[in-house]
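A.B. asks: Got protein.txt for you, compact mmCIF, C-alpha atoms and all ligand atoms:
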```
# COMPACT_ATOMS: atom_id res chain seq x y z
CA MET Y 254 154.62 -227.26 -13.77
CA ASN Y 255 156.32 -226.03 -16.92
CA GLN Y 256 156.50 -222.46 -18.24
CA HIS Y 257 153.47 -222.90 -20.51
CA THR Y 258 151.09 -223.97 -17.76
CA ARG Y 259 151.99 -221.22 -15.24
CA PRO Y 260 149.80 -218.21 -16.03
CA ASP Y 261 152.33 -215.78 -14.53
CA VAL Y 262 154.96 -216.72 -17.15
CA ALA Y 263 152.73 -217.96 -20.01
CA PRO Y 264 154.12 -216.46 -23.23
CA ILE Y 265 152.65 -213.10 -24.23
CA ALA Y 266 152.43 -212.16 -27.93
CA PHE Y 267 154.50 -209.22 -29.15
CA ILE Y 268 151.78 -208.55 -31.75
CA ASP Y 269 148.68 -210.70 -31.27
CA LEU Y 270 147.43 -211.47 -34.78
CA ALA Y 271 145.50 -214.49 -33.44
CA ALA Y 272 143.36 -212.21 -31.23
CA GLN Y 273 142.53 -210.04 -34.23
CA ARG Y 274 141.67 -213.16 -36.21
CA ARG Y 275 139.23 -214.22 -33.46
CA ARG Y 276 137.58 -210.79 -33.55
CA LEU Y 277 137.16 -210.93 -37.33
CA GLY Y 278 135.41 -214.30 -36.98
CA SER Y 279 134.36 -215.86 -40.28
CA LYS Y 280 134.60 -212.57 -42.25
CA ILE Y 281 138.11 -213.26 -43.56
CA ASP Y 282 137.33 -216.89 -44.41
CA GLU Y 283 134.29 -215.75 -46.37
CA ALA Y 284 136.22 -212.98 -48.15
CA VAL Y 285 138.99 -215.39 -49.18
CA ALA Y 286 136.41 -218.00 -50.21
CA ARG Y 287 134.83 -215.44 -52.57
CA VAL Y 288 138.20 -214.99 -54.31
CA LEU Y 289 138.69 -218.75 -54.48
CA ALA Y 290 135.26 -218.96 -56.14
CA HIS Y 291 135.79 -216.24 -58.77
CA CYS Y 292 139.46 -217.20 -59.42
CA GLN Y 293 140.63 -213.68 -60.41
CA PHE Y 294 143.75 -214.00 -58.28
CA VAL Y 295 145.61 -211.09 -59.90
CA MET Y 296 143.91 -207.66 -60.17
CA GLY Y 297 140.55 -209.15 -59.23
CA PRO Y 298 137.59 -206.94 -58.22
CA GLU Y 299 138.70 -206.81 -54.55
CA VAL Y 300 141.86 -204.92 -55.56
CA ARG Y 301 139.85 -202.00 -56.95
CA ILE Y 302 137.41 -202.05 -54.03
CA PHE Y 303 140.27 -201.98 -51.53
CA GLU Y 304 142.02 -199.15 -53.37
CA ALA Y 305 138.82 -197.07 -53.28
CA ASP Y 306 138.33 -197.82 -49.55
CA LEU Y 307 141.94 -196.94 -48.82
CA ALA Y 308 141.76 -193.62 -50.69
CA ALA Y 309 138.50 -192.74 -48.90
CA PHE Y 310 140.02 -193.63 -45.52
CA CYS Y 311 143.08 -191.41 -45.84
CA GLY Y 312 141.76 -188.65 -48.11
CA ALA Y 313 144.26 -189.17 -50.95
CA ARG Y 314 142.74 -188.99 -54.45
CA GLN Y 315 144.58 -192.08 -55.60
CA ALA Y 316 145.53 -195.25 -53.72
CA ILE Y 317 147.49 -197.71 -55.83
CA SER Y 318 148.07 -201.07 -54.19
CA CYS Y 319 151.27 -203.01 -54.79
CA ALA Y 320 153.20 -206.04 -53.63
CA SER Y 321 154.99 -204.54 -50.59
CA GLY Y 322 156.06 -201.32 -48.91
CA THR Y 323 159.49 -201.86 -50.42
CA ASP Y 324 158.00 -202.02 -53.93
CA ALA Y 325 155.91 -198.93 -53.16
CA LEU Y 326 159.13 -196.97 -52.51
CA LEU Y 327 160.81 -198.34 -55.62
CA LEU Y 328 157.80 -197.63 -57.85
CA ILE Y 329 157.75 -194.01 -56.65
CA LEU Y 330 161.48 -193.54 -57.25
CA MET Y 331 161.15 -195.10 -60.72
CA ALA Y 332 158.09 -192.99 -61.57
CA LYS Y 333 159.98 -189.82 -60.61
CA GLU Y 334 163.03 -191.00 -62.60
CA ILE Y 335 165.28 -190.56 -59.60
CA GLY Y 336 168.59 -192.22 -60.38
CA PRO Y 337 172.35 -191.83 -60.85
CA GLY Y 338 173.79 -188.56 -59.54
CA ASP Y 339 170.72 -187.84 -57.39
CA ALA Y 340 170.97 -187.53 -53.61
CA VAL Y 341 167.98 -188.84 -51.67
CA PHE Y 342 167.98 -187.87 -47.99
CA CYS Y 343 167.00 -190.71 -45.64
CA PRO Y 344 167.00 -190.92 -41.86
CA ALA Y 345 169.86 -192.99 -40.43
CA PHE Y 346 167.45 -194.49 -37.89
CA THR Y 347 164.94 -196.48 -39.97
CA PHE Y 348 164.31 -199.89 -41.51
CA CYS Y 349 166.74 -200.66 -44.32
CA ALA Y 350 164.11 -200.61 -47.12
CA THR Y 351 164.01 -196.79 -47.08
CA ALA Y 352 167.62 -196.46 -48.25
CA GLU Y 353 167.76 -199.84 -50.00
CA MET Y 354 165.32 -198.77 -52.73
CA VAL Y 355 167.23 -195.52 -53.27
CA VAL Y 356 170.34 -197.58 -54.03
CA LEU Y 357 168.38 -199.99 -56.22
CA ALA Y 358 167.04 -197.03 -58.22
CA GLY Y 359 170.67 -196.02 -58.87
CA ALA Y 360 170.58 -192.90 -56.68
CA THR Y 361 172.65 -192.21 -53.56
CA PRO Y 362 171.16 -192.21 -50.07
CA VAL Y 363 172.57 -189.45 -47.87
CA PHE Y 364 171.92 -190.20 -44.22
CA VAL Y 365 170.31 -187.62 -41.96
CA ASP Y 366 170.19 -187.71 -38.17
CA VAL Y 367 166.89 -187.86 -36.28
CA ASP Y 368 165.27 -185.79 -33.57
CA GLU Y 369 165.93 -186.84 -29.97
CA ALA Y 370 162.28 -186.52 -28.87
CA THR Y 371 160.38 -188.00 -31.83
CA PHE Y 372 163.01 -190.27 -33.47
CA ASN Y 373 161.98 -188.70 -36.81
CA LEU Y 374 164.05 -186.77 -39.36
CA SER Y 375 165.85 -183.71 -37.95
CA ALA Y 376 165.44 -180.55 -40.06
CA ARG Y 377 168.82 -179.22 -38.88
CA SER Y 378 170.59 -182.39 -39.92
CA LEU Y 379 168.76 -182.32 -43.27
CA GLU Y 380 170.28 -178.90 -43.97
CA ARG Y 381 173.71 -180.27 -43.19
CA ALA Y 382 173.09 -183.35 -45.35
CA ILE Y 383 172.30 -181.11 -48.34
CA ALA Y 384 175.70 -179.47 -47.93
CA THR Y 385 177.30 -182.93 -47.69
CA ALA Y 386 175.55 -184.06 -50.88
CA ARG Y 387 176.70 -181.03 -52.85
CA ARG Y 388 180.27 -181.47 -51.64
CA ASN Y 389 180.08 -185.06 -52.92
CA GLY Y 390 179.02 -183.82 -56.35
CA LEU Y 391 175.42 -185.06 -55.97
CA ARG Y 392 172.18 -183.29 -56.99
CA PRO Y 393 169.89 -182.88 -53.95
CA LYS Y 394 166.71 -184.42 -55.35
CA ALA Y 395 164.36 -185.95 -52.80
CA VAL Y 396 163.84 -186.56 -49.09
CA ILE Y 397 162.13 -189.54 -47.48
CA PRO Y 398 160.86 -188.48 -44.05
CA VAL Y 399 159.98 -191.80 -42.43
CA ASP Y 400 157.05 -191.77 -39.97
CA LEU Y 401 158.83 -193.96 -37.46
CA PHE Y 402 157.04 -196.31 -35.05
CA GLY Y 403 153.65 -194.89 -36.11
CA LEU Y 404 154.30 -191.17 -35.57
CA PRO Y 405 154.24 -188.77 -38.56
CA ALA Y 406 157.49 -186.92 -39.22
CA ASP Y 407 157.45 -183.13 -38.77
CA TYR Y 408 156.61 -182.23 -42.39
CA ASP Y 409 156.16 -178.51 -41.59
CA ALA Y 410 159.62 -178.28 -40.03
CA ILE Y 411 161.29 -179.46 -43.24
CA ALA Y 412 158.97 -177.53 -45.62
CA PRO Y 413 161.14 -174.37 -45.85
CA ILE Y 414 164.21 -176.49 -46.69
CA VAL Y 415 162.23 -178.58 -49.17
CA ASP Y 416 160.95 -175.43 -50.89
CA ALA Y 417 164.30 -173.66 -50.95
CA GLN Y 418 166.12 -176.71 -52.33
CA ARG Y 419 163.23 -177.88 -54.57
CA LEU Y 420 163.33 -181.33 -53.03
CA PHE Y 421 160.66 -183.89 -53.82
CA VAL Y 422 159.12 -185.36 -50.64
CA ILE Y 423 158.35 -189.10 -50.53
CA GLY Y 424 156.56 -190.13 -47.33
CA ASP Y 425 157.59 -193.53 -45.98
CA ALA Y 426 154.55 -194.35 -43.88
CA ALA Y 427 155.14 -198.10 -43.78
CA GLN Y 428 154.72 -197.90 -40.00
CA ALA Y 429 152.19 -195.09 -39.73
CA PHE Y 430 149.17 -195.60 -41.97
CA GLY Y 431 146.18 -194.25 -40.01
CA ALA Y 432 148.08 -191.55 -38.09
CA ASN Y 433 147.32 -187.81 -38.26
CA TYR Y 434 149.43 -184.67 -38.47
CA LYS Y 435 147.81 -181.28 -37.84
CA GLY Y 436 144.36 -182.49 -38.83
CA ARG Y 437 145.51 -184.35 -41.93
CA ARG Y 438 145.86 -188.08 -42.42
CA ILE Y 439 148.97 -189.95 -43.53
CA GLY Y 440 148.68 -190.23 -47.29
CA THR Y 441 148.09 -186.50 -47.75
CA LEU Y 442 151.17 -185.08 -45.98
CA ALA Y 443 153.58 -185.45 -48.91
CA PRO Y 444 153.04 -185.33 -52.70
CA VAL Y 445 153.33 -189.10 -52.58
CA THR Y 446 153.44 -191.63 -49.75
CA ALA Y 447 154.45 -195.29 -49.59
CA THR Y 448 152.93 -197.64 -47.04
CA SER Y 449 153.18 -201.32 -46.12
CA PHE Y 450 150.66 -204.00 -45.19
CA PHE Y 451 153.23 -206.46 -43.82
CA PRO Y 452 151.32 -208.56 -41.24
CA ALA Y 453 152.90 -206.83 -38.23
CA LYS Y 454 152.03 -203.32 -39.43
CA PRO Y 455 149.11 -201.45 -37.84
CA LEU Y 456 147.05 -202.30 -40.96
CA GLY Y 457 148.49 -205.60 -42.14
CA CYS Y 458 147.43 -208.35 -44.52
CA TYR Y 459 148.25 -212.07 -44.45
CA GLY Y 460 151.44 -211.84 -46.48
CA ASP Y 461 153.21 -208.99 -48.22
CA GLY Y 462 151.39 -205.92 -49.48
CA GLY Y 463 151.78 -202.17 -49.88
CA ALA Y 464 150.32 -199.05 -51.42
CA ILE Y 465 151.14 -195.67 -52.90
CA LEU Y 466 148.97 -192.70 -51.95
CA THR Y 467 148.90 -189.48 -53.93
CA ASP Y 468 146.76 -186.66 -55.33
CA ASP Y 469 149.00 -186.45 -58.42
CA GLU Y 470 147.10 -188.07 -61.31
CA GLU Y 471 150.09 -188.21 -63.62
CA LEU Y 472 152.28 -189.87 -61.02
CA ALA Y 473 149.47 -192.32 -60.21
CA GLN Y 474 149.12 -193.34 -63.87
CA ARG Y 475 152.85 -193.90 -64.15
CA VAL Y 476 152.96 -196.01 -60.98
CA LYS Y 477 150.00 -198.08 -62.24
CA SER Y 478 151.91 -198.78 -65.43
CA LEU Y 479 155.19 -199.54 -63.65
CA ARG Y 480 153.60 -202.08 -61.30
CA VAL Y 481 152.62 -204.18 -64.36
CA HIS Y 482 155.82 -204.27 -66.44
CA GLY Y 483 155.46 -200.67 -67.61
CA GLN Y 484 152.31 -201.46 -69.53
CA GLY Y 485 150.77 -199.01 -71.99
CA ALA Y 486 147.41 -199.59 -73.68
CA ASP Y 487 147.50 -203.21 -72.46
CA LYS Y 488 149.79 -205.76 -70.85
CA TYR Y 489 151.60 -206.52 -74.09
CA ASP Y 490 152.24 -202.87 -74.90
CA ASN Y 491 155.35 -201.92 -72.88
CA VAL Y 492 156.01 -198.19 -72.60
CA HIS Y 493 158.31 -198.28 -69.54
CA VAL Y 494 160.70 -200.76 -67.95
CA GLY Y 495 158.67 -201.79 -64.92
CA LEU Y 496 158.12 -204.50 -62.33
CA SER Y 497 155.68 -207.24 -61.47
CA ALA Y 498 154.52 -205.64 -58.23
CA ARG Y 499 150.75 -206.07 -57.85
CA LEU Y 500 148.86 -206.78 -54.63
CA ASP Y 501 147.30 -210.27 -54.73
CA THR Y 502 143.50 -210.29 -54.85
CA ILE Y 503 143.38 -212.52 -51.75
CA GLN Y 504 145.39 -209.93 -49.79
CA ALA Y 505 143.05 -207.17 -50.99
CA ALA Y 506 140.08 -209.24 -49.79
CA VAL Y 507 141.71 -209.60 -46.35
CA LEU Y 508 142.52 -205.89 -46.21
CA ILE Y 509 138.94 -204.84 -47.07
CA GLU Y 510 137.77 -206.61 -43.90
CA LYS Y 511 140.65 -205.40 -41.75
CA LEU Y 512 140.20 -201.77 -42.82
CA LYS Y 513 136.61 -201.91 -41.47
CA ILE Y 514 137.83 -202.52 -37.91
CA PHE Y 515 140.97 -200.38 -38.22
CA PRO Y 516 139.45 -197.20 -36.67
CA ASP Y 517 138.49 -199.18 -33.54
CA GLU Y 518 141.93 -200.72 -33.44
CA ILE Y 519 143.60 -197.30 -33.60
CA VAL Y 520 141.57 -196.24 -30.53
CA ALA Y 521 142.58 -199.43 -28.68
CA ARG Y 522 146.27 -198.90 -29.52
CA GLU Y 523 146.07 -195.33 -28.25
CA ARG Y 524 144.46 -196.54 -25.00
CA SER Y 525 147.27 -199.05 -24.42
CA ALA Y 526 149.94 -196.44 -25.23
CA ARG Y 527 148.45 -194.04 -22.65
CA ARG Y 528 148.39 -196.78 -20.01
CA TYR Y 529 152.03 -197.64 -20.73
CA ALA Y 530 153.00 -193.96 -20.48
CA ASN Y 531 151.17 -193.55 -17.16
CA MET Y 532 152.69 -196.68 -15.67
CA LEU Y 533 156.23 -196.44 -17.06
CA GLY Y 534 156.88 -192.70 -17.09
CA ASN Y 535 158.90 -192.86 -13.85
CA LEU Y 536 161.05 -195.76 -14.99
CA ALA Y 537 162.12 -194.99 -18.54
CA VAL Y 538 161.88 -192.37 -21.26
CA VAL Y 539 158.47 -193.01 -22.82
CA PRO Y 540 157.45 -191.84 -26.32
CA ARG Y 541 156.13 -188.31 -26.64
CA VAL Y 542 153.56 -187.42 -29.28
CA PRO Y 543 153.82 -183.74 -30.32
CA ASP Y 544 150.69 -181.58 -30.10
CA GLY Y 545 148.64 -181.87 -33.28
CA SER Y 546 149.91 -185.37 -34.12
CA THR Y 547 148.59 -188.83 -33.39
CA SER Y 548 150.51 -192.09 -33.53
CA VAL Y 549 149.20 -195.51 -34.55
CA TRP Y 550 151.84 -197.07 -32.29
CA ALA Y 551 153.39 -199.53 -34.71
CA GLN Y 552 155.89 -199.92 -31.86
CA TYR Y 553 155.85 -198.83 -28.25
CA THR Y 554 159.50 -197.98 -27.76
CA ILE Y 555 161.05 -196.82 -24.51
CA ARG Y 556 164.58 -195.60 -23.81
CA LEU Y 557 166.84 -196.76 -21.00
CA GLU Y 558 170.37 -195.78 -20.05
CA ALA Y 559 172.86 -197.56 -22.33
CA GLY Y 560 173.90 -200.92 -20.88
CA ARG Y 561 170.61 -201.71 -19.09
CA ARG Y 562 168.66 -203.04 -22.06
CA ASP Y 563 170.03 -206.57 -22.41
CA ALA Y 564 169.44 -207.46 -18.76
CA LEU Y 565 165.90 -206.12 -19.02
CA ALA Y 566 165.18 -208.11 -22.20
CA SER Y 567 166.49 -211.31 -20.55
CA ALA Y 568 164.47 -210.77 -17.38
CA LEU Y 569 161.29 -210.12 -19.37
CA LYS Y 570 161.94 -213.13 -21.58
CA ALA Y 571 162.19 -215.34 -18.49
CA ASP Y 572 158.73 -214.05 -17.55
CA GLY Y 573 157.35 -214.95 -21.01
CA ILE Y 574 157.41 -211.33 -22.25
CA PRO Y 575 158.94 -210.68 -25.68
CA THR Y 576 160.72 -207.46 -26.57
CA ALA Y 577 162.41 -206.27 -29.77
CA ILE Y 578 165.08 -203.75 -30.65
CA TYR Y 579 164.32 -201.46 -33.56
CA TYR Y 580 167.04 -200.68 -34.58
CA VAL Y 581 170.14 -202.13 -33.06
CA LYS Y 582 172.36 -200.55 -35.73
CA PRO Y 583 171.64 -197.29 -37.58
CA LEU Y 584 171.81 -197.59 -41.36
CA HIS Y 585 175.06 -195.66 -41.79
CA ARG Y 586 176.76 -198.34 -39.64
CA GLN Y 587 175.40 -201.30 -41.64
CA ALA Y 588 177.89 -203.10 -43.88
CA ALA Y 589 175.67 -202.51 -46.93
CA TYR Y 590 175.32 -198.75 -46.35
CA ARG Y 591 178.35 -197.46 -44.50
CA HIS Y 592 180.08 -196.21 -47.65
CA PHE Y 593 177.25 -193.77 -48.43
CA PRO Y 594 177.51 -190.13 -47.32
CA ILE Y 595 176.26 -188.97 -43.96
CA ALA Y 596 175.21 -185.44 -42.96
CA ASP Y 597 177.98 -183.16 -41.68
CA GLY Y 598 178.06 -183.65 -37.92
CA GLY Y 599 177.21 -187.34 -38.28
CA ALA Y 600 174.19 -189.01 -36.70
CA PRO Y 601 174.92 -189.01 -32.96
CA VAL Y 602 171.24 -189.20 -31.97
CA SER Y 603 170.64 -192.24 -34.18
CA GLU Y 604 173.69 -193.90 -32.64
CA ARG Y 605 172.50 -193.18 -29.09
CA LEU Y 606 169.00 -194.45 -29.85
CA ALA Y 607 170.43 -197.66 -31.28
CA ASP Y 608 172.04 -198.30 -27.86
CA GLU Y 609 169.08 -197.29 -25.72
CA VAL Y 610 165.75 -198.27 -27.30
CA ILE Y 611 163.67 -201.34 -26.58
CA SER Y 612 160.14 -202.03 -27.84
CA LEU Y 613 157.41 -203.65 -25.74
CA PRO Y 614 154.41 -205.74 -26.83
CA MET Y 615 151.89 -203.44 -28.55
CA HIS Y 616 148.75 -204.24 -30.52
CA ALA Y 617 145.03 -203.48 -30.47
CA TYR Y 618 144.18 -206.54 -28.34
CA LEU Y 619 146.56 -205.92 -25.43
CA ASP Y 620 144.18 -206.31 -22.49
CA GLU Y 621 144.77 -204.55 -19.17
CA PRO Y 622 145.74 -207.66 -17.12
CA THR Y 623 148.36 -208.58 -19.75
CA GLN Y 624 149.67 -205.03 -19.85
CA ASP Y 625 149.79 -204.93 -16.03
CA ARG Y 626 151.84 -208.13 -16.10
CA ILE Y 627 154.31 -206.58 -18.57
CA VAL Y 628 154.60 -203.40 -16.51
CA GLY Y 629 154.99 -205.38 -13.25
CA ALA Y 630 157.81 -207.44 -14.74
CA LEU Y 631 159.48 -204.29 -16.03
CA HIS Y 632 159.33 -202.66 -12.57
CA ARG Y 633 160.85 -205.75 -10.96
CA ALA Y 634 163.58 -206.05 -13.59
CA LEU Y 635 164.59 -202.41 -13.41
CA ALA Y 636 164.59 -202.40 -9.59
CA ARG Y 637 167.29 -205.08 -9.57
C1 LIG Y 701 160.08 -197.65 -42.52
C2 LIG Y 701 159.81 -198.80 -43.44
N1 LIG Y 701 159.90 -198.62 -44.76
C3 LIG Y 701 159.65 -199.61 -45.64
C4 LIG Y 701 159.30 -200.87 -45.20
C5 LIG Y 701 159.09 -201.95 -46.21
O1 LIG Y 701 157.82 -202.52 -46.17
P1 LIG Y 701 157.61 -204.04 -46.62
O2 LIG Y 701 158.07 -204.92 -45.52
O3 LIG Y 701 156.12 -204.11 -46.85
O4 LIG Y 701 158.36 -204.24 -47.89
C6 LIG Y 701 159.18 -201.12 -43.83
C7 LIG Y 701 158.82 -202.45 -43.34
O5 LIG Y 701 159.11 -202.88 -42.26
C8 LIG Y 701 159.45 -200.06 -42.92
O6 LIG Y 701 159.36 -200.24 -41.60
```
Take the structure from the file and write it as structure tokens.
Ligand SMILES: Cc1ncc(COP(=O)(O)O)c(C=O)c1O

C.D. replies:
Amino acid sequence: MNQHTRPDVAPIAFIDLAAQRRRLGSKIDEAVARVLAHCQFVMGPEVRIFEADLAAFCGARQAISCASGTDALLLILMAKEIGPGDAVFCPAFTFCATAEMVVLAGATPVFVDVDEATFNLSARSLERAIATARRNGLRPKAVIPVDLFGLPADYDAIAPIVDAQRLFVIGDAAQAFGANYKGRRIGTLAPVTATSFFPAKPLGCYGDGGAILTDDEELAQRVKSLRVHGQGADKYDNVHVGLSARLDTIQAAVLIEKLKIFPDEIVARERSARRYANMLGNLAVVPRVPDGSTSVWAQYTIRLEAGRRDALASALKADGIPTAIYYVKPLHRQAAYRHFPIADGGAPVSERLADEVISLPMHAYLDEPTQDRIVGALHRALAR
């Protein structure tokens, strides 16, 4: 009997997009077929419908779709004319795109450490990073508090610093669309927010996609122009240097259908996260969601003592259970970013997390028997 025929070691999906596809039935096929019939592949009617649905879902006045979460960040930085000489504060423990777009815009990322309990931007380290930026002759301009693994950053904790330093806040909610913070949805927590619809994200499409969420009409108009080559009155009137960064109509059609089931999926993710916490709390450090916040659990990430993670990942792999490490190296240690400034005091928490975290399978279709199998394997592996 090989590995694929033994149910106890049959491979488990890390994120089960096929299960979601089964639930959606023929809806996606029909939605895509409608686009294939009308042939408006770029900026077709589904793009506007999806943008209206997205704005209604999160409560932002404007939702502007674009080609990816990475482009969403770049479009915002371009629209705000953030560039050379400007310091943009980014967590050291995030996906590279956060800082990458700052560099591409010509500004300087200054790395900030994260909070031990939430893995999100630390207000104390942000204060230190502002001092670092000034010492390096940079203008403190903006901060990008990433909502890591699905949990909103603590926007209130940084508000006094943001106000005192007149920083512009750009939410990077690539991992957290659908989450809440003190009764408000992601998309309304910062003057402008970028999100991603990469297939593995809580709300994902079938390729690349992203959006910008804001109440600021002027900013929205500028972003709309920048995503189509800086267009003015029409496509051949160029008033800015822009990008080609639109969301494909087919992706919008997919997202319209997926957004309809997203509230149910958020509930299912929360149920699985609670079960994990109940069953794993004695074995590892499990994620903690602060009062007043919800997470959409883009990742379910536990912490183990340094040195135990690789053996655990191998043991789980042998049982058909995939794991992932987000992030094995904090950004200030990456070859592409290590020459940029880092907050006074460094980023010791980010460095510790990089050695200790491991993410388990998490999605809206994780049934209880599968989750029990994952937890059972984890207990066995950690008892060794
Ligand atoms: C925190 C963060 N920011 C930005 C991005 C970029 O999004 P995309 O992959 O859609 O370009 C990602 C994607 O993984 C992300 O996790």

A.B. asks: Got a sec: who's within 9 Å of Glu299 (chain Y), counting all atoms listed in the file, leaving out chain neighbours fewer than 5 positions off, as a PyMOL selection string?

C.D. replies: chain Y and resi 288+304+502-506+509

A.B. asks: Take the residues just selected and output them with C-alpha atoms as a PDB file, in the coordinates of the input.

C.D. replies:
```
ATOM      1  CA  VAL Y 288     138.200-214.990 -54.310  1.00  0.00           C
ATOM      2  CA  GLU Y 304     142.020-199.150 -53.370  1.00  0.00           C
ATOM      3  CA  THR Y 502     143.500-210.290 -54.850  1.00  0.00           C
ATOM      4  CA  ILE Y 503     143.380-212.520 -51.750  1.00  0.00           C
ATOM      5  CA  GLN Y 504     145.390-209.930 -49.790  1.00  0.00           C
ATOM      6  CA  ALA Y 505     143.050-207.170 -50.990  1.00  0.00           C
ATOM      7  CA  ALA Y 506     140.080-209.240 -49.790  1.00  0.00           C
ATOM      8  CA  ILE Y 509     138.940-204.840 -47.070  1.00  0.00           C
TER       9      ILE Y 509
END
```

A.B. asks: Identify which of the residues Y:Ile555, Y:Ala305, Y:Ile595, Y:Leu565 lies closest to Leu613 (chain Y), counting only C-alpha atoms when measuring atom-to-atom distances.

C.D. replies: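 So, comparing all the options, the nearest one is Y:Ile555.
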
A.B. asks: Report as JSON the centre and the edge lengths, in Å to one decimal, of the axis-aligned box holding every listed atom of ligand LIG 701 (chain Y), padded by 8 Å on each side.

C.D. replies:
```
{"center_x": 158.1, "center_y": -201.3, "center_z": -44.7, "size_x": 20.0, "size_y": 23.3, "size_z": 22.3}
```

A.B. asks: So the first atom is CA of Leu456 (chain Y) and the second is CA of Gly436 (chain Y); what is the distance between them in Å, to one decimal place?

C.D. replies: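 CA of Gly436 (chain Y) lies 20.1 Å from CA of Leu456 (chain Y).
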
A.B. asks: Find the spatial neighbours of region 417-422 of chain Y, counting only C-alpha atoms, within a cut-off of 6 Å - ignore same-chain residues fewer than 3 positions away - and output them as a PyMOL selection string.

C.D. replies: chain Y and resi 394-396+414+443

A.B. asks: Calculate how many Å separate atom C4 of ligand LIG 701 (chain Y) from CA of Arg475 (chain Y), rounding to one decimal.

C.D. replies: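 Between these atoms lies a distance of 21.2 Å.
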
A.B. asks: Using only C-alpha atoms and all ligand atoms for the distances, tell me which of Y:Ser318, Y:Thr554, Y:Thr351, Y:Asn531 is nearest to ligand LIG 701 (chain Y).

C.D. replies: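 Answer, going by the shortest atom-to-atom distance: Y:Thr351.
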
A.B. asks: At a cut-off of 7 Å around ligand LIG 701 (chain Y), and using all atoms listed in the file, what residues come up? Please write them as a list in words.

C.D. replies: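 These are the residues that qualify: Ser321, Gly322, Thr323, Asp324, Thr347, Phe348, Ala350, Thr351, Val399, Leu401, Asp425, Ala426, Ala427, Gln428, Thr448, Ser449, Phe450, Phe451, Asp461, Gly462 and Gly463 of chain Y.
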
A.B. asks: Could you tell me how far CA of Leu472 (chain Y) lies from CA of Ala358 (chain Y), in Å and to one decimal?

C.D. replies: 16.6 Å

A.B. asks: My list of candidates is Y:Ile302, Y:Val445, Y:Ala370, Y:Ile281. Which is closest to Pro540 (chain Y) when distances are computed with only C-alpha atoms?

C.D. replies: Y:Ala370
